[in-house]
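*Asks:* Before anything else, here's the structure in question.
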Amino acid sequence: MQIKALGYELTVCKIKSFHSDIVKNGFYFLSQTDEELSLVCETENTPPDTTDREDGWKAFRIEGVLDFSLVGILAPIASLLADARIGIFAVSTYNTDYVLVKKENYDAALDLLAKNGYTIVKQQNK
């Protein structure tokens with residue numbers, strides 16, 4: 001399975017409300033529940049009016065379109081990283097899954113995945 005290492009830093013934050021200025025070019029993931037409005041975005045695009053925020057994340061993407069009938073795609077990755085005591089924050093889109101790890105663990109996470117049969121493709125920094 002191929003993993004694409006994304007080349008930018010991300011922020012995970014909570015925001016008070018949605019406004020169109022939040023939607024910028026680049027990576028962002030917005031979720032709303034009955035309890036909160038959360039945003040994952042490139043750190044340089046983090047809105048100033050966050051209520052809580054945690055910087056210092058980097059991400060990789062499971063390459064390809066993952067059919068909904070597939071099972072066991074994210075679990076082995078999460079287990080490998082958990083065994084190495086590397087915490088994750090996962091988000092999913094219609095097509096695939098993204099796994100965020102703290103930037104100080106990012107290279108170790110990618111190395112571990114490579115040693116366990118995953119092909120790592122690195123994206124150039126912006």
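Within each chain, counting starts at residue 1; across the structure tokens, chains are named A, B, ... in the order shown, with ligands numbered 1 upward in that order.
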Taking the chain letters and numbering used in this document, name the residues of chain A that DSSP puts in helix (DSSP H, G or I), as a list in words.

*Replies:*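 Checking each residue of chain A, the helix (DSSP H, G or I) ones are Ser20, Asp21, Ile22, Thr43, Glu44, Asn45, Leu74, Ala75, Pro76, Ile77, Ala78, Ser79, Leu80, Leu81, Ala82, Asp83, Lys103, Glu104, Asn105, Tyr106, Asp107, Ala108, Ala109, Leu110, Asp111, Leu112, Leu113, Ala114 and Lys115 of chain A.
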
*Asks:* For segment 115-120 of chain A, list every protein, DNA or RNA residue within 10 Å, evaluated using only C-alpha atoms, and leave out those in the same chain fewer than 5 positions away; present the list as JSON, numbers by chain.

*Replies:* {"A": [1, 2, 3, 4, 5, 60, 61, 62, 63, 77, 80, 109, 110]}

*Asks:* Got time to write the residues from that selection, N, CA and C atoms, as a PDB file, in the first residue's frame?

*Replies:*
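Saved result, result.pdb, follows:
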```pdb
ATOM      1  N   MET A   1       0.854  -1.181   0.000  1.00  0.00           N
ATOM      2  CA  MET A   1       0.000   0.000   0.000  1.00  0.00           C
ATOM      3  C   MET A   1       0.895   1.238   0.000  1.00  0.00           C
ATOM      4  N   GLN A   2       0.447   2.238  -0.719  1.00  0.00           N
ATOM      5  CA  GLN A   2       1.242   3.458  -0.854  1.00  0.00           C
ATOM      6  C   GLN A   2       0.721   4.553   0.077  1.00  0.00           C
ATOM      7  N   ILE A   3       1.677   5.224   0.721  1.00  0.00           N
ATOM      8  CA  ILE A   3       1.408   6.331   1.637  1.00  0.00           C
ATOM      9  C   ILE A   3       2.055   7.584   1.061  1.00  0.00           C
ATOM     10  N   LYS A   4       1.296   8.673   0.976  1.00  0.00           N
ATOM     11  CA  LYS A   4       1.877   9.929   0.515  1.00  0.00           C
ATOM     12  C   LYS A   4       2.105  10.844   1.709  1.00  0.00           C
ATOM     13  N   ALA A   5       3.363  11.171   1.955  1.00  0.00           N
ATOM     14  CA  ALA A   5       3.736  12.083   3.031  1.00  0.00           C
ATOM     15  C   ALA A   5       3.500  13.511   2.562  1.00  0.00           C
ATOM     16  N   PHE A  60       0.003  12.238   6.575  1.00  0.00           N
ATOM     17  CA  PHE A  60       0.195  11.429   5.380  1.00  0.00           C
ATOM     18  C   PHE A  60      -1.157  10.880   4.952  1.00  0.00           C
ATOM     19  N   ARG A  61      -1.243  10.584   3.664  1.00  0.00           N
ATOM     20  CA  ARG A  61      -2.488  10.122   3.060  1.00  0.00           C
ATOM     21  C   ARG A  61      -2.308   8.696   2.562  1.00  0.00           C
ATOM     22  N   ILE A  62      -3.309   7.872   2.769  1.00  0.00           N
ATOM     23  CA  ILE A  62      -3.333   6.551   2.165  1.00  0.00           C
ATOM     24  C   ILE A  62      -3.737   6.765   0.707  1.00  0.00           C
ATOM     25  N   GLU A  63      -2.848   6.406  -0.205  1.00  0.00           N
ATOM     26  CA  GLU A  63      -3.068   6.714  -1.616  1.00  0.00           C
ATOM     27  C   GLU A  63      -4.138   5.830  -2.245  1.00  0.00           C
ATOM     28  N   ILE A  77      -2.272   0.405  10.406  1.00  0.00           N
ATOM     29  CA  ILE A  77      -1.418   1.591  10.529  1.00  0.00           C
ATOM     30  C   ILE A  77      -1.495   2.130  11.946  1.00  0.00           C
ATOM     31  N   LEU A  80       0.401  -0.259  14.353  1.00  0.00           N
ATOM     32  CA  LEU A  80       1.860  -0.121  14.264  1.00  0.00           C
ATOM     33  C   LEU A  80       2.341   1.122  15.008  1.00  0.00           C
ATOM     34  N   ALA A 109       7.409   7.760  12.292  1.00  0.00           N
ATOM     35  CA  ALA A 109       6.192   7.085  11.831  1.00  0.00           C
ATOM     36  C   ALA A 109       6.358   6.604  10.393  1.00  0.00           C
ATOM     37  N   LEU A 110       6.867   7.456   9.528  1.00  0.00           N
ATOM     38  CA  LEU A 110       7.068   7.070   8.131  1.00  0.00           C
ATOM     39  C   LEU A 110       8.097   5.955   8.000  1.00  0.00           C
TER      40      LEU A 110
END
```

*Asks:* Need to verify the contact set: segment 16-32 of chain A, 10 Å, only C-alpha atoms, exclusion of same-chain residues closer than 4 positions in sequence. Can you return it as number ranges by chain?

*Replies:* A: 6, 8, 10-12, 36-43, 45-47, 49-52, 91-93

*Asks:* Could you write out that same residue set with N, CA and C atoms as a PDB file, in the first residue's frame?

*Replies:*
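File written: part_23.pdb
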```pdb
ATOM      1  N   LEU A   6       2.672  14.234   3.277  1.00  0.00           N
ATOM      2  CA  LEU A   6       2.372  15.617   2.907  1.00  0.00           C
ATOM      3  C   LEU A   6       3.437  16.535   3.503  1.00  0.00           C
ATOM      4  N   TYR A   8       3.599  19.742   4.618  1.00  0.00           N
ATOM      5  CA  TYR A   8       3.314  20.997   5.320  1.00  0.00           C
ATOM      6  C   TYR A   8       2.822  20.708   6.731  1.00  0.00           C
ATOM      7  N   LEU A  10       0.348  21.255   9.989  1.00  0.00           N
ATOM      8  CA  LEU A  10      -1.083  21.428  10.183  1.00  0.00           C
ATOM      9  C   LEU A  10      -1.401  21.848  11.611  1.00  0.00           C
ATOM     10  N   THR A  11      -2.552  22.453  11.757  1.00  0.00           N
ATOM     11  CA  THR A  11      -3.093  22.847  13.054  1.00  0.00           C
ATOM     12  C   THR A  11      -4.463  22.208  13.196  1.00  0.00           C
ATOM     13  N   VAL A  12      -4.739  21.724  14.393  1.00  0.00           N
ATOM     14  CA  VAL A  12      -6.061  21.208  14.750  1.00  0.00           C
ATOM     15  C   VAL A  12      -6.653  22.221  15.719  1.00  0.00           C
ATOM     16  N   GLU A  36     -19.334  20.761  18.830  1.00  0.00           N
ATOM     17  CA  GLU A  36     -18.216  21.619  18.439  1.00  0.00           C
ATOM     18  C   GLU A  36     -18.119  21.780  16.931  1.00  0.00           C
ATOM     19  N   LEU A  37     -17.324  22.758  16.555  1.00  0.00           N
ATOM     20  CA  LEU A  37     -16.956  23.019  15.172  1.00  0.00           C
ATOM     21  C   LEU A  37     -15.431  22.958  15.120  1.00  0.00           C
ATOM     22  N   SER A  38     -14.905  21.932  14.454  1.00  0.00           N
ATOM     23  CA  SER A  38     -13.462  21.703  14.418  1.00  0.00           C
ATOM     24  C   SER A  38     -12.912  21.933  13.027  1.00  0.00           C
ATOM     25  N   LEU A  39     -11.668  22.358  12.993  1.00  0.00           N
ATOM     26  CA  LEU A  39     -10.984  22.628  11.744  1.00  0.00           C
ATOM     27  C   LEU A  39      -9.580  22.067  11.807  1.00  0.00           C
ATOM     28  N   VAL A  40      -9.186  21.363  10.755  1.00  0.00           N
ATOM     29  CA  VAL A  40      -7.792  20.976  10.552  1.00  0.00           C
ATOM     30  C   VAL A  40      -7.364  21.726   9.306  1.00  0.00           C
ATOM     31  N   CYS A  41      -6.279  22.486   9.413  1.00  0.00           N
ATOM     32  CA  CYS A  41      -5.847  23.287   8.265  1.00  0.00           C
ATOM     33  C   CYS A  41      -4.337  23.473   8.299  1.00  0.00           C
ATOM     34  N   GLU A  42      -3.813  23.936   7.177  1.00  0.00           N
ATOM     35  CA  GLU A  42      -2.401  24.280   7.152  1.00  0.00           C
ATOM     36  C   GLU A  42      -2.181  25.385   8.178  1.00  0.00           C
ATOM     37  N   THR A  43      -1.138  25.255   8.947  1.00  0.00           N
ATOM     38  CA  THR A  43      -0.887  26.177  10.058  1.00  0.00           C
ATOM     39  C   THR A  43      -0.901  27.632   9.595  1.00  0.00           C
ATOM     40  N   ASN A  45      -2.683  28.974   7.507  1.00  0.00           N
ATOM     41  CA  ASN A  45      -4.040  29.414   7.208  1.00  0.00           C
ATOM     42  C   ASN A  45      -4.989  29.338   8.403  1.00  0.00           C
ATOM     43  N   THR A  46      -4.462  29.132   9.590  1.00  0.00           N
ATOM     44  CA  THR A  46      -5.309  29.017  10.776  1.00  0.00           C
ATOM     45  C   THR A  46      -5.980  30.355  11.058  1.00  0.00           C
ATOM     46  N   PRO A  47      -7.310  30.351  11.221  1.00  0.00           N
ATOM     47  CA  PRO A  47      -7.992  31.619  11.502  1.00  0.00           C
ATOM     48  C   PRO A  47      -7.594  32.158  12.878  1.00  0.00           C
ATOM     49  N   ASP A  49      -9.385  33.573  15.128  1.00  0.00           N
ATOM     50  CA  ASP A  49     -10.407  33.519  16.172  1.00  0.00           C
ATOM     51  C   ASP A  49     -10.711  32.101  16.656  1.00  0.00           C
ATOM     52  N   THR A  50      -9.682  31.271  16.761  1.00  0.00           N
ATOM     53  CA  THR A  50      -9.889  29.923  17.285  1.00  0.00           C
ATOM     54  C   THR A  50     -10.146  29.986  18.784  1.00  0.00           C
ATOM     55  N   THR A  51     -10.912  29.014  19.302  1.00  0.00           N
ATOM     56  CA  THR A  51     -11.137  28.953  20.751  1.00  0.00           C
ATOM     57  C   THR A  51     -10.121  28.044  21.425  1.00  0.00           C
ATOM     58  N   ASP A  52      -9.675  27.032  20.713  1.00  0.00           N
ATOM     59  CA  ASP A  52      -8.624  26.121  21.165  1.00  0.00           C
ATOM     60  C   ASP A  52      -7.825  25.747  19.930  1.00  0.00           C
ATOM     61  N   VAL A  91      -8.442  11.587  10.038  1.00  0.00           N
ATOM     62  CA  VAL A  91      -9.622  12.165   9.392  1.00  0.00           C
ATOM     63  C   VAL A  91      -9.847  11.414   8.091  1.00  0.00           C
ATOM     64  N   SER A  92     -11.090  11.311   7.723  1.00  0.00           N
ATOM     65  CA  SER A  92     -11.432  10.585   6.507  1.00  0.00           C
ATOM     66  C   SER A  92     -12.236  11.470   5.571  1.00  0.00           C
ATOM     67  N   THR A  93     -12.021  11.243   4.298  1.00  0.00           N
ATOM     68  CA  THR A  93     -12.812  11.895   3.267  1.00  0.00           C
ATOM     69  C   THR A  93     -13.594  10.807   2.535  1.00  0.00           C
TER      70      THR A  93
END
```

*Asks:* For the atom pair atom CA of Glu35 of chain A and atom CA of Ile73 of chain A, what is the interatomic distance in Å to one decimal place?

*Replies:*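 Spanning atom CA of Glu35 of chain A to atom CA of Ile73 of chain A is a straight-line distance of 28.4 Å.
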
*Asks:* For each of A:Asp97, A:Glu9, A:Glu44, A:Glu104, take the minimum atom-to-atom distance to Leu74 of chain A, counting only C-alpha atoms, then give the residue where this is smallest.

*Replies:*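 Ranked by minimum distance to Leu74 of chain A, first place goes to A:Asp97.
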
*Asks:* Of the residues A:Ala90, A:Leu81, A:Asn95, A:Gly7, which is the one nearest to Val121 of chain A, using only C-alpha atoms?

*Replies:*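 Among A:Ala90, A:Leu81, A:Asn95, A:Gly7, it is A:Gly7 that comes nearest to Val121 of chain A.
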
*Asks:* Which residue out of A:Cys13, A:Ala108, A:Val101, A:Ala59 has the minimum interatomic distance to Gln123 of chain A when only C-alpha atoms are used?

*Replies:*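 With only C-alpha atoms as the atom set, the closest residue is A:Ala59.
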
*Asks:* I'd like the interatomic distance between atom CA of Ala75 of chain A and atom CA of Lys122 of chain A, to a tenth of an Å.

*Replies:* 22.0 Å

*Asks:* Taking the DSSP assignment computed from this structure's backbone, write out as a PyMOL selection string all residues of chain A that belong to strand (DSSP E or B).

*Replies:* chain A and resi 2-5+10-15+28-32+37-42+50-62+89-92+97-102+119-122

*Asks:* Write out the residues from the selection above, keeping C-alpha atoms, as a PDB file, in the first residue's frame.

*Replies:*
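Wrote out_31.pdb, looks like this:
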```pdb
ATOM      1  CA  GLN A   2       1.242   3.458  -0.854  1.00  0.00           C
ATOM      2  CA  ILE A   3       1.408   6.331   1.637  1.00  0.00           C
ATOM      3  CA  LYS A   4       1.877   9.929   0.515  1.00  0.00           C
ATOM      4  CA  ALA A   5       3.736  12.083   3.031  1.00  0.00           C
ATOM      5  CA  LEU A  10      -1.083  21.428  10.183  1.00  0.00           C
ATOM      6  CA  THR A  11      -3.093  22.847  13.054  1.00  0.00           C
ATOM      7  CA  VAL A  12      -6.061  21.208  14.750  1.00  0.00           C
ATOM      8  CA  CYS A  13      -8.406  23.765  16.266  1.00  0.00           C
ATOM      9  CA  LYS A  14     -11.900  24.619  17.391  1.00  0.00           C
ATOM     10  CA  ILE A  15     -13.634  27.645  15.939  1.00  0.00           C
ATOM     11  CA  TYR A  28      -8.500  21.863   5.329  1.00  0.00           C
ATOM     12  CA  PHE A  29     -10.968  19.538   6.990  1.00  0.00           C
ATOM     13  CA  LEU A  30     -14.033  21.007   8.682  1.00  0.00           C
ATOM     14  CA  SER A  31     -16.375  19.063  10.926  1.00  0.00           C
ATOM     15  CA  GLN A  32     -19.383  20.095  12.928  1.00  0.00           C
ATOM     16  CA  LEU A  37     -16.956  23.019  15.172  1.00  0.00           C
ATOM     17  CA  SER A  38     -13.462  21.703  14.418  1.00  0.00           C
ATOM     18  CA  LEU A  39     -10.984  22.628  11.744  1.00  0.00           C
ATOM     19  CA  VAL A  40      -7.792  20.976  10.552  1.00  0.00           C
ATOM     20  CA  CYS A  41      -5.847  23.287   8.265  1.00  0.00           C
ATOM     21  CA  GLU A  42      -2.401  24.280   7.152  1.00  0.00           C
ATOM     22  CA  THR A  50      -9.889  29.923  17.285  1.00  0.00           C
ATOM     23  CA  THR A  51     -11.137  28.953  20.751  1.00  0.00           C
ATOM     24  CA  ASP A  52      -8.624  26.121  21.165  1.00  0.00           C
ATOM     25  CA  ARG A  53      -5.740  25.135  18.957  1.00  0.00           C
ATOM     26  CA  GLU A  54      -2.879  22.685  18.738  1.00  0.00           C
ATOM     27  CA  ASP A  55      -0.095  23.291  16.261  1.00  0.00           C
ATOM     28  CA  GLY A  56       2.713  20.971  15.240  1.00  0.00           C
ATOM     29  CA  TRP A  57       0.982  18.246  13.248  1.00  0.00           C
ATOM     30  CA  LYS A  58       2.048  16.669   9.949  1.00  0.00           C
ATOM     31  CA  ALA A  59       0.044  14.245   7.842  1.00  0.00           C
ATOM     32  CA  PHE A  60       0.195  11.429   5.380  1.00  0.00           C
ATOM     33  CA  ARG A  61      -2.488  10.122   3.060  1.00  0.00           C
ATOM     34  CA  ILE A  62      -3.333   6.551   2.165  1.00  0.00           C
ATOM     35  CA  PHE A  89      -5.350  11.985  14.747  1.00  0.00           C
ATOM     36  CA  ALA A  90      -7.199  10.490  11.782  1.00  0.00           C
ATOM     37  CA  VAL A  91      -9.622  12.165   9.392  1.00  0.00           C
ATOM     38  CA  SER A  92     -11.432  10.585   6.507  1.00  0.00           C
ATOM     39  CA  ASP A  97      -7.957   8.455   5.052  1.00  0.00           C
ATOM     40  CA  TYR A  98      -5.440  10.958   6.380  1.00  0.00           C
ATOM     41  CA  VAL A  99      -3.337  10.294   9.448  1.00  0.00           C
ATOM     42  CA  LEU A 100      -1.843  13.154  11.437  1.00  0.00           C
ATOM     43  CA  VAL A 101       1.020  12.714  13.883  1.00  0.00           C
ATOM     44  CA  LYS A 102       2.937  15.280  15.875  1.00  0.00           C
ATOM     45  CA  THR A 119       5.664   2.468   0.121  1.00  0.00           C
ATOM     46  CA  ILE A 120       6.292   6.073   1.151  1.00  0.00           C
ATOM     47  CA  VAL A 121       6.013   8.834  -1.445  1.00  0.00           C
ATOM     48  CA  LYS A 122       7.203  12.203  -0.166  1.00  0.00           C
TER      49      LYS A 122
END
```

*Asks:* So what do you get for atom CA of Ala82 of chain A versus atom CA of Leu113 of chain A, distance-wise?

*Replies:*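 Taking atom CA of Ala82 of chain A and atom CA of Leu113 of chain A, their separation equals 11.9 Å.
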